[in-house]
file upload_38.tsv (TSV, N, CA and C atoms)
chain	number	residue	atom	x	y	z
B	1	THR	N	24.13	-30.17	25.00
B	1	THR	CA	25.20	-30.55	24.06
B	1	THR	C	24.92	-29.91	22.71
B	2	PRO	N	25.99	-29.58	21.96
B	2	PRO	CA	25.79	-28.99	20.64
B	2	PRO	C	25.07	-29.96	19.72
B	3	GLY	N	24.17	-29.42	18.93
B	3	GLY	CA	23.45	-30.23	17.97
B	3	GLY	C	24.13	-30.18	16.62
B	4	GLY	N	23.52	-30.78	15.65
B	4	GLY	CA	24.05	-30.72	14.29
B	4	GLY	C	23.75	-32.00	13.54
B	5	ARG	N	24.02	-31.92	12.27
B	5	ARG	CA	23.86	-33.09	11.42
B	5	ARG	C	25.24	-33.57	11.01
B	6	ALA	N	25.48	-34.84	11.16
B	6	ALA	CA	26.78	-35.40	10.81
B	6	ALA	C	27.10	-35.14	9.34
B	7	GLY	N	28.31	-34.66	9.09
B	7	GLY	CA	28.76	-34.46	7.72
B	7	GLY	C	28.25	-33.20	7.05
B	8	SER	N	27.54	-32.33	7.74
B	8	SER	CA	27.01	-31.12	7.11
B	8	SER	C	27.63	-29.87	7.72
B	9	ARG	N	28.10	-28.98	6.85
B	9	ARG	CA	28.59	-27.68	7.31
B	9	ARG	C	27.57	-26.58	7.02
B	10	LEU	N	26.45	-26.95	6.41
B	10	LEU	CA	25.44	-25.98	6.01
B	10	LEU	C	24.39	-25.72	7.07
B	11	GLY	N	24.13	-26.66	7.91
B	11	GLY	CA	23.06	-26.47	8.88
B	11	GLY	C	23.33	-27.21	10.17
B	12	SER	N	22.65	-26.77	11.20
B	12	SER	CA	22.82	-27.38	12.51
B	12	SER	C	21.70	-28.37	12.82
B	13	GLY	N	20.65	-28.36	12.01
B	13	GLY	CA	19.50	-29.21	12.30
B	13	GLY	C	18.57	-28.57	13.31
B	14	ILE	N	18.88	-27.35	13.74
B	14	ILE	CA	18.08	-26.63	14.73
B	14	ILE	C	17.30	-25.53	14.01
B	15	SER	N	16.05	-25.35	14.36
B	15	SER	CA	15.26	-24.27	13.77
B	15	SER	C	14.28	-23.74	14.81
B	16	SER	N	13.70	-22.58	14.51
B	16	SER	CA	12.69	-22.01	15.39
B	16	SER	C	11.49	-21.62	14.55
B	17	GLY	N	10.37	-21.44	15.21
B	17	GLY	CA	9.16	-21.06	14.48
B	17	GLY	C	8.18	-20.39	15.42
B	18	LEU	N	7.15	-19.82	14.84
B	18	LEU	CA	6.10	-19.16	15.61
B	18	LEU	C	4.92	-20.10	15.78
B	19	ALA	N	4.39	-20.17	16.97
B	19	ALA	CA	3.19	-20.96	17.20
B	19	ALA	C	1.99	-20.05	17.35
B	20	HIS	N	2.14	-18.99	18.13
B	20	HIS	CA	1.08	-18.01	18.35
B	20	HIS	C	1.72	-16.63	18.40
B	21	VAL	N	0.99	-15.66	17.89
B	21	VAL	CA	1.49	-14.29	17.92
B	21	VAL	C	0.40	-13.39	18.46
B	22	LEU	N	0.76	-12.56	19.42
B	22	LEU	CA	-0.15	-11.58	19.98
B	22	LEU	C	0.51	-10.22	19.81
B	23	ILE	N	-0.17	-9.31	19.13
B	23	ILE	CA	0.40	-8.00	18.84
B	23	ILE	C	-0.39	-6.93	19.57
B	24	PHE	N	0.35	-6.08	20.27
B	24	PHE	CA	-0.25	-4.92	20.93
B	24	PHE	C	0.16	-3.68	20.15
B	25	ALA	N	-0.79	-2.80	19.90
B	25	ALA	CA	-0.49	-1.55	19.21
B	25	ALA	C	-0.95	-0.39	20.08
B	26	ASP	N	-0.09	0.60	20.21
B	26	ASP	CA	-0.41	1.81	20.96
B	26	ASP	C	-1.34	2.65	20.10
B	27	THR	N	-2.60	2.75	20.50
B	27	THR	CA	-3.58	3.46	19.68
B	27	THR	C	-3.26	4.94	19.52
B	28	SER	N	-2.50	5.51	20.47
B	28	SER	CA	-2.14	6.91	20.31
B	28	SER	C	-1.13	7.11	19.18
B	29	VAL	N	-0.37	6.08	18.87
B	29	VAL	CA	0.61	6.15	17.78
B	29	VAL	C	-0.06	5.95	16.42
B	30	VAL	N	-1.03	5.05	16.34
B	30	VAL	CA	-1.67	4.74	15.06
B	30	VAL	C	-2.94	5.54	14.81
B	31	GLU	N	-3.29	6.44	15.74
B	31	GLU	CA	-4.50	7.24	15.60
B	31	GLU	C	-4.46	8.03	14.29
B	32	GLY	N	-5.58	7.99	13.57
B	32	GLY	CA	-5.69	8.71	12.31
B	32	GLY	C	-5.24	7.93	11.10
B	33	GLU	N	-4.58	6.79	11.32
B	33	GLU	CA	-4.14	5.95	10.21
B	33	GLU	C	-5.26	4.99	9.82
B	34	ASP	N	-5.24	4.58	8.58
B	34	ASP	CA	-6.23	3.63	8.07
B	34	ASP	C	-6.03	2.27	8.75
B	35	ALA	N	-7.10	1.70	9.26
B	35	ALA	CA	-7.01	0.42	9.98
B	35	ALA	C	-6.47	-0.70	9.11
B	36	ALA	N	-6.86	-0.73	7.84
B	36	ALA	CA	-6.37	-1.78	6.94
B	36	ALA	C	-4.87	-1.65	6.73
B	37	SER	N	-4.37	-0.43	6.61
B	37	SER	CA	-2.93	-0.21	6.44
B	37	SER	C	-2.17	-0.66	7.68
B	38	ILE	N	-2.67	-0.32	8.84
B	38	ILE	CA	-2.03	-0.73	10.09
B	38	ILE	C	-2.05	-2.25	10.22
B	39	ALA	N	-3.15	-2.87	9.84
B	39	ALA	CA	-3.24	-4.34	9.90
B	39	ALA	C	-2.20	-4.98	8.99
B	40	GLU	N	-2.00	-4.43	7.79
B	40	GLU	CA	-0.99	-4.99	6.87
B	40	GLU	C	0.41	-4.81	7.44
B	41	LEU	N	0.69	-3.65	8.03
B	41	LEU	CA	2.00	-3.40	8.63
B	41	LEU	C	2.24	-4.37	9.78
B	42	LEU	N	1.27	-4.53	10.65
B	42	LEU	CA	1.43	-5.44	11.79
B	42	LEU	C	1.59	-6.89	11.34
B	43	ALA	N	0.86	-7.29	10.32
B	43	ALA	CA	1.00	-8.65	9.79
B	43	ALA	C	2.41	-8.85	9.23
B	44	PHE	N	2.90	-7.86	8.49
B	44	PHE	CA	4.25	-7.97	7.94
B	44	PHE	C	5.29	-8.05	9.06
B	45	LEU	N	5.16	-7.19	10.07
B	45	LEU	CA	6.10	-7.21	11.18
B	45	LEU	C	6.09	-8.55	11.91
B	46	ALA	N	4.92	-9.13	12.08
B	46	ALA	CA	4.82	-10.42	12.76
B	46	ALA	C	5.43	-11.54	11.92
B	47	LEU	N	5.15	-11.53	10.62
B	47	LEU	CA	5.66	-12.59	9.76
B	47	LEU	C	7.15	-12.46	9.45
B	48	ALA	N	7.60	-11.23	9.27
B	48	ALA	CA	9.00	-11.01	8.88
B	48	ALA	C	9.92	-10.90	10.09
B	49	GLN	N	9.37	-10.51	11.24
B	49	GLN	CA	10.16	-10.31	12.45
B	49	GLN	C	11.38	-9.43	12.18
B	50	THR	N	11.13	-8.31	11.54
B	50	THR	CA	12.19	-7.38	11.19
B	50	THR	C	11.95	-6.03	11.85
B	51	PRO	N	12.99	-5.39	12.31
B	51	PRO	CA	12.80	-4.07	12.94
B	51	PRO	C	12.59	-2.99	11.88
B	52	VAL	N	11.94	-1.92	12.27
B	52	VAL	CA	11.76	-0.77	11.38
B	52	VAL	C	13.06	0.02	11.41
B	53	ALA	N	13.54	0.43	10.25
B	53	ALA	CA	14.80	1.16	10.14
B	53	ALA	C	14.68	2.56	10.72
B	54	GLN	N	15.80	3.10	11.14
B	54	GLN	CA	15.84	4.47	11.65
B	54	GLN	C	15.71	5.49	10.52
B	55	THR	N	16.12	5.10	9.32
B	55	THR	CA	16.02	5.97	8.15
B	55	THR	C	14.95	5.40	7.23
B	56	CYS	N	14.53	6.18	6.27
B	56	CYS	CA	13.53	5.72	5.31
B	56	CYS	C	14.14	4.62	4.43
B	57	ASP	N	13.49	3.48	4.39
B	57	ASP	CA	13.99	2.36	3.60
B	57	ASP	C	13.97	2.72	2.13
B	58	GLU	N	15.04	2.41	1.42
B	58	GLU	CA	15.13	2.75	0.00
B	58	GLU	C	14.13	1.97	-0.86
B	59	SER	N	13.82	0.75	-0.45
B	59	SER	CA	12.88	-0.04	-1.24
B	59	SER	C	11.44	0.37	-0.91
B	60	ASP	N	10.56	0.00	-1.77
B	60	ASP	CA	9.14	0.28	-1.60
B	60	ASP	C	8.57	-0.77	-0.65
B	61	THR	N	8.37	-0.39	0.62
B	61	THR	CA	7.95	-1.36	1.63
B	61	THR	C	6.94	-0.75	2.60
B	62	ILE	N	6.06	-1.59	3.09
B	62	ILE	CA	5.07	-1.18	4.09
B	62	ILE	C	5.75	-0.72	5.38
B	63	LEU	N	7.01	-1.12	5.59
B	63	LEU	CA	7.74	-0.70	6.79
B	63	LEU	C	7.91	0.82	6.85
B	64	ASN	N	7.78	1.50	5.74
B	64	ASN	CA	7.89	2.96	5.72
B	64	ASN	C	6.62	3.66	6.18
B	65	LEU	N	5.52	2.92	6.33
B	65	LEU	CA	4.22	3.52	6.65
B	65	LEU	C	4.27	4.40	7.89
B	66	MET	N	4.83	3.94	8.96
B	66	MET	CA	4.84	4.68	10.22
B	66	MET	C	6.23	5.26	10.54
B	67	ASN	N	7.13	5.22	9.59
B	67	ASN	CA	8.49	5.70	9.81
B	67	ASN	C	8.54	7.22	9.64
B	68	PRO	N	8.79	7.96	10.71
B	68	PRO	CA	8.80	9.41	10.62
B	68	PRO	C	9.89	9.96	9.71
B	69	ALA	N	10.91	9.15	9.40
B	69	ALA	CA	11.98	9.59	8.51
B	69	ALA	C	11.55	9.59	7.04
B	70	CYS	N	10.38	8.99	6.74
B	70	CYS	CA	9.91	8.90	5.36
B	70	CYS	C	8.92	10.01	5.03
B	71	PRO	N	9.07	10.64	3.87
B	71	PRO	CA	8.06	11.60	3.45
B	71	PRO	C	6.76	10.87	3.12
B	72	PRO	N	5.62	11.54	3.19
B	72	PRO	CA	4.34	10.87	2.91
B	72	PRO	C	4.30	10.15	1.56
B	73	SER	N	5.00	10.66	0.57
B	73	SER	CA	4.99	10.02	-0.75
B	73	SER	C	5.70	8.67	-0.76
B	74	ARG	N	6.51	8.37	0.26
B	74	ARG	CA	7.25	7.10	0.34
B	74	ARG	C	6.65	6.15	1.36
B	75	ARG	N	5.36	6.37	1.73
B	75	ARG	CA	4.71	5.54	2.74
B	75	ARG	C	3.57	4.74	2.10
B	76	PRO	N	3.86	3.52	1.62
B	76	PRO	CA	2.79	2.70	1.03
B	76	PRO	C	1.72	2.38	2.07
B	77	VAL	N	0.49	2.24	1.62
B	77	VAL	CA	-0.62	1.95	2.54
B	77	VAL	C	-1.03	0.47	2.50
B	78	ALA	N	-0.28	-0.32	1.75
B	78	ALA	CA	-0.55	-1.76	1.65
B	78	ALA	C	0.76	-2.49	1.39
B	79	LEU	N	0.75	-3.80	1.54
B	79	LEU	CA	1.94	-4.58	1.22
B	79	LEU	C	2.32	-4.31	-0.24
B	80	THR	N	3.60	-4.17	-0.50
B	80	THR	CA	4.08	-3.92	-1.85
B	80	THR	C	4.60	-5.22	-2.46
B	81	ARG	N	4.94	-5.17	-3.72
B	81	ARG	CA	5.49	-6.38	-4.36
B	81	ARG	C	6.83	-6.75	-3.73
B	82	HIS	N	7.58	-5.77	-3.23
B	82	HIS	CA	8.83	-6.06	-2.52
B	82	HIS	C	8.56	-6.80	-1.21
B	83	ASP	N	7.53	-6.37	-0.50
B	83	ASP	CA	7.16	-7.04	0.76
B	83	ASP	C	6.75	-8.49	0.50
B	84	ILE	N	5.93	-8.68	-0.49
B	84	ILE	CA	5.44	-10.03	-0.81
B	84	ILE	C	6.60	-10.90	-1.29
B	85	ALA	N	7.50	-10.34	-2.10
B	85	ALA	CA	8.67	-11.11	-2.55
B	85	ALA	C	9.54	-11.51	-1.37
B	86	TYR	N	9.70	-10.60	-0.42
B	86	TYR	CA	10.51	-10.91	0.77
B	86	TYR	C	9.86	-12.03	1.60
B	87	LEU	N	8.56	-11.91	1.84
B	87	LEU	CA	7.88	-12.94	2.64
B	87	LEU	C	7.92	-14.30	1.94
B	88	ARG	N	7.71	-14.32	0.64
B	88	ARG	CA	7.78	-15.60	-0.08
B	88	ARG	C	9.18	-16.19	0.00
B	89	ALA	N	10.20	-15.35	-0.18
B	89	ALA	CA	11.58	-15.82	-0.10
B	89	ALA	C	11.91	-16.31	1.31
B	90	LEU	N	11.49	-15.53	2.30
B	90	LEU	CA	11.76	-15.86	3.69
B	90	LEU	C	11.16	-17.22	4.06
B	91	TYR	N	9.94	-17.47	3.65
B	91	TYR	CA	9.26	-18.70	4.04
B	91	TYR	C	9.55	-19.87	3.11
B	92	SER	N	10.36	-19.65	2.08
B	92	SER	CA	10.77	-20.76	1.23
B	92	SER	C	12.11	-21.34	1.65
B	93	VAL	N	12.79	-20.67	2.56
B	93	VAL	CA	14.11	-21.09	3.02
B	93	VAL	C	13.99	-22.19	4.07
B	94	ASP	N	14.89	-23.13	4.00
B	94	ASP	CA	14.93	-24.20	5.00
B	94	ASP	C	15.36	-23.60	6.34
B	95	PRO	N	14.52	-23.69	7.38
B	95	PRO	CA	14.85	-23.06	8.67
B	95	PRO	C	16.02	-23.70	9.39
B	96	THR	N	16.48	-24.86	8.94
B	96	THR	CA	17.61	-25.50	9.60
B	96	THR	C	18.95	-25.06	9.00
B	97	TRP	N	18.92	-24.31	7.91
B	97	TRP	CA	20.17	-23.82	7.31
B	97	TRP	C	20.77	-22.74	8.19
B	98	GLY	N	22.05	-22.52	8.05
B	98	GLY	CA	22.73	-21.46	8.78
B	98	GLY	C	22.31	-20.09	8.27
B	99	PRO	N	22.54	-19.04	9.07
B	99	PRO	CA	22.10	-17.69	8.73
B	99	PRO	C	22.64	-17.18	7.39
B	100	GLN	N	23.91	-17.43	7.08
B	100	GLN	CA	24.47	-16.93	5.83
B	100	GLN	C	23.82	-17.60	4.62
B	101	LEU	N	23.60	-18.88	4.70
B	101	LEU	CA	22.96	-19.60	3.61
B	101	LEU	C	21.51	-19.14	3.46
B	102	GLN	N	20.82	-18.92	4.57
B	102	GLN	CA	19.45	-18.42	4.51
B	102	GLN	C	19.40	-17.05	3.84
B	103	ARG	N	20.27	-16.12	4.27
B	103	ARG	CA	20.29	-14.76	3.69
B	103	ARG	C	20.56	-14.80	2.19
B	104	GLY	N	21.54	-15.58	1.79
B	104	GLY	CA	21.87	-15.69	0.37
B	104	GLY	C	20.72	-16.24	-0.44
B	105	THR	N	20.04	-17.23	0.09
B	105	THR	CA	18.90	-17.81	-0.61
B	105	THR	C	17.75	-16.82	-0.71
B	106	ILE	N	17.51	-16.04	0.34
B	106	ILE	CA	16.46	-15.02	0.31
B	106	ILE	C	16.77	-13.99	-0.76
B	107	VAL	N	18.02	-13.55	-0.83
B	107	VAL	CA	18.42	-12.56	-1.85
B	107	VAL	C	18.19	-13.13	-3.25
B	108	LEU	N	18.59	-14.36	-3.48
B	108	LEU	CA	18.40	-14.97	-4.80
B	108	LEU	C	16.93	-15.10	-5.17
B	109	HIS	N	16.10	-15.54	-4.22
B	109	HIS	CA	14.65	-15.67	-4.47
B	109	HIS	C	14.04	-14.31	-4.80
B	110	MET	N	14.42	-13.29	-4.03
B	110	MET	CA	13.88	-11.96	-4.28
B	110	MET	C	14.33	-11.42	-5.64
B	111	ALA	N	15.58	-11.63	-5.98
B	111	ALA	CA	16.09	-11.18	-7.28
B	111	ALA	C	15.34	-11.86	-8.42
B	112	ASP	N	15.07	-13.16	-8.27
B	112	ASP	CA	14.29	-13.87	-9.28
B	112	ASP	C	12.89	-13.33	-9.40
B	113	THR	N	12.26	-13.06	-8.27
B	113	THR	CA	10.87	-12.58	-8.26
B	113	THR	C	10.76	-11.17	-8.81
B	114	LEU	N	11.65	-10.29	-8.38
B	114	LEU	CA	11.54	-8.88	-8.75
B	114	LEU	C	12.23	-8.55	-10.07
B	115	GLY	N	13.05	-9.44	-10.58
B	115	GLY	CA	13.76	-9.17	-11.82
B	115	GLY	C	14.69	-7.99	-11.66
B	116	GLY	N	14.62	-7.03	-12.55
B	116	GLY	CA	15.50	-5.87	-12.50
B	116	GLY	C	15.03	-4.81	-11.52
B	117	ASP	N	13.82	-4.95	-10.97
B	117	ASP	CA	13.26	-3.94	-10.06
B	117	ASP	C	13.62	-4.30	-8.63
B	118	ARG	N	14.79	-3.88	-8.16
B	118	ARG	CA	15.26	-4.26	-6.82
B	118	ARG	C	15.17	-3.16	-5.86
call {"tool": "encode", "arguments": {"input": "upload_38.tsv", "output": "structure tokens"}}
result
Amino acid sequence: TPGGRAGSRLGSGISSGLAHVLIFADTSVVEGEDAASIAELLAFLALAQTPVAQTCDESDTILNLMNPACPPSRRPVALTRHDIAYLRALYSVDPTWGPQLQRGTIVLHMADTLGGDR
């Protein structure tokens, strides 16, 4: 049966979360890369659960590290302030809120954290 909270249009009362995460990395793909950089990328991917873009991301993000579309100068080797702002915003959102409300709140939190540097 459909769930939800009586009288609320903002959330369903349903949420999901991670209990355990196991990450496999193809060593032939990461060969020659710094282990600490790969560890930061994998941690971000596990926590953010976001796919790597097909094009080079415009923001300064660890997601560009292994992206072949990015020139070497656009490949950070550690989590950036944008990555940290995103993770803080992502984990400050109520998981029972609807997707649109969650996205809007993440954008607002990131804008507050990063100020004019977006």
call {"tool": "residues_around", "arguments": {"input": "upload_38.tsv", "residues": "Cys56 of chain B", "least_positions_apart": "6", "cutoff": "8 Å", "atoms": "all atoms listed in the file", "output": "list in words"}}
result
Leu63, Asn64, Asn67, Pro68, Ala69, Cys70, Pro71 and Arg74 of chain B
call {"tool": "atom_distance", "arguments": {"input": "upload_38.tsv", "atom1": "atom CA of Gln100 of chain B", "atom2": "atom CA of Leu18 of chain B"}}
result
20.9 Å
call {"tool": "select_by_dssp", "arguments": {"input": "upload_38.tsv", "residues": "chain B", "states": "alpha helix (DSSP H)", "output": "number ranges by chain"}}
result
B: 27-30, 35-48, 81-92, 99-114
call {"tool": "closest_residue", "arguments": {"input": "upload_38.tsv", "among": "B:Gln49, B:Thr55, B:Thr61, B:Ser28", "to": "Ile84 of chain B", "atoms": "only N, CA and C atoms"}}
result
B:Thr61
call {"tool": "atom_distance", "arguments": {"input": "upload_38.tsv", "atom1": "atom N of Pro76 of chain B", "atom2": "atom CA of Ile62 of chain B"}}
result
5.4 Å
call {"tool": "atom_distance", "arguments": {"input": "upload_38.tsv", "atom1": "atom CA of Arg103 of chain B", "atom2": "atom CA of Gln54 of chain B"}}
result
21.3 Å
call {"tool": "closest_residue", "arguments": {"input": "upload_38.tsv", "among": "B:Ala43, B:Ala36, B:Leu101, B:Tyr86", "to": "Asp60 of chain B", "atoms": "only C-alpha atoms"}}
result
B:Tyr86
call {"tool": "closest_residue", "arguments": {"input": "upload_38.tsv", "among": "B:Leu114, B:Ala78, B:Leu87, B:Leu22", "to": "Met66 of chain B", "atoms": "only C-alpha atoms"}}
result
B:Ala78
call {"tool": "residues_near_point", "arguments": {"input": "upload_38.tsv", "point": "(10.2, -12.4, -4.5)", "cutoff": "12 Å", "atoms": "only C-alpha atoms", "output": "ChimeraX atom specification"}}
result
/B:80-92,105-118
call {"tool": "decode", "arguments": {"input": "upload_38.tsv", "residues": "segment 90-101 of chain B", "atoms": "N, CA, C and O atoms", "output": "tab-separated table (two decimals), in the first residue's frame"}}
result
chain	number	residue	atom	x	y	z
B	90	LEU	N	24.25	17.26	0.99
B	90	LEU	CA	23.54	16.02	0.74
B	90	LEU	C	23.13	15.34	2.04
B	90	LEU	O	22.00	14.87	2.20
B	91	TYR	N	24.04	15.28	3.00
B	91	TYR	CA	23.77	14.57	4.25
B	91	TYR	C	23.06	15.42	5.29
B	91	TYR	O	22.73	14.94	6.37
B	92	SER	N	22.78	16.69	4.96
B	92	SER	CA	22.00	17.51	5.89
B	92	SER	C	20.52	17.51	5.53
B	92	SER	O	19.69	18.01	6.29
B	93	VAL	N	20.18	16.95	4.38
B	93	VAL	CA	18.80	16.92	3.90
B	93	VAL	C	18.03	15.79	4.57
B	93	VAL	O	18.56	14.70	4.75
B	94	ASP	N	16.79	16.06	4.88
B	94	ASP	CA	15.92	15.04	5.45
B	94	ASP	C	15.64	13.99	4.38
B	94	ASP	O	15.08	14.31	3.32
B	95	PRO	N	16.01	12.72	4.60
B	95	PRO	CA	15.84	11.69	3.58
B	95	PRO	C	14.39	11.34	3.28
B	95	PRO	O	14.11	10.68	2.29
B	96	THR	N	13.46	11.80	4.10
B	96	THR	CA	12.05	11.49	3.85
B	96	THR	C	11.39	12.55	2.95
B	96	THR	O	10.25	12.38	2.54
B	97	TRP	N	12.09	13.64	2.65
B	97	TRP	CA	11.53	14.67	1.77
B	97	TRP	C	11.49	14.16	0.34
B	97	TRP	O	12.28	13.29	-0.04
B	98	GLY	N	10.65	14.74	-0.46
B	98	GLY	CA	10.57	14.39	-1.88
B	98	GLY	C	11.82	14.86	-2.62
B	98	GLY	O	12.55	15.73	-2.15
B	99	PRO	N	12.07	14.29	-3.81
B	99	PRO	CA	13.27	14.60	-4.58
B	99	PRO	C	13.44	16.08	-4.90
B	99	PRO	O	14.54	16.62	-4.81
B	100	GLN	N	12.37	16.77	-5.28
B	100	GLN	CA	12.50	18.18	-5.64
B	100	GLN	C	12.88	19.02	-4.43
B	100	GLN	O	13.73	19.92	-4.54
B	101	LEU	N	12.29	18.75	-3.30
B	101	LEU	CA	12.62	19.49	-2.09
B	101	LEU	C	14.05	19.19	-1.66
B	101	LEU	O	14.79	20.09	-1.24
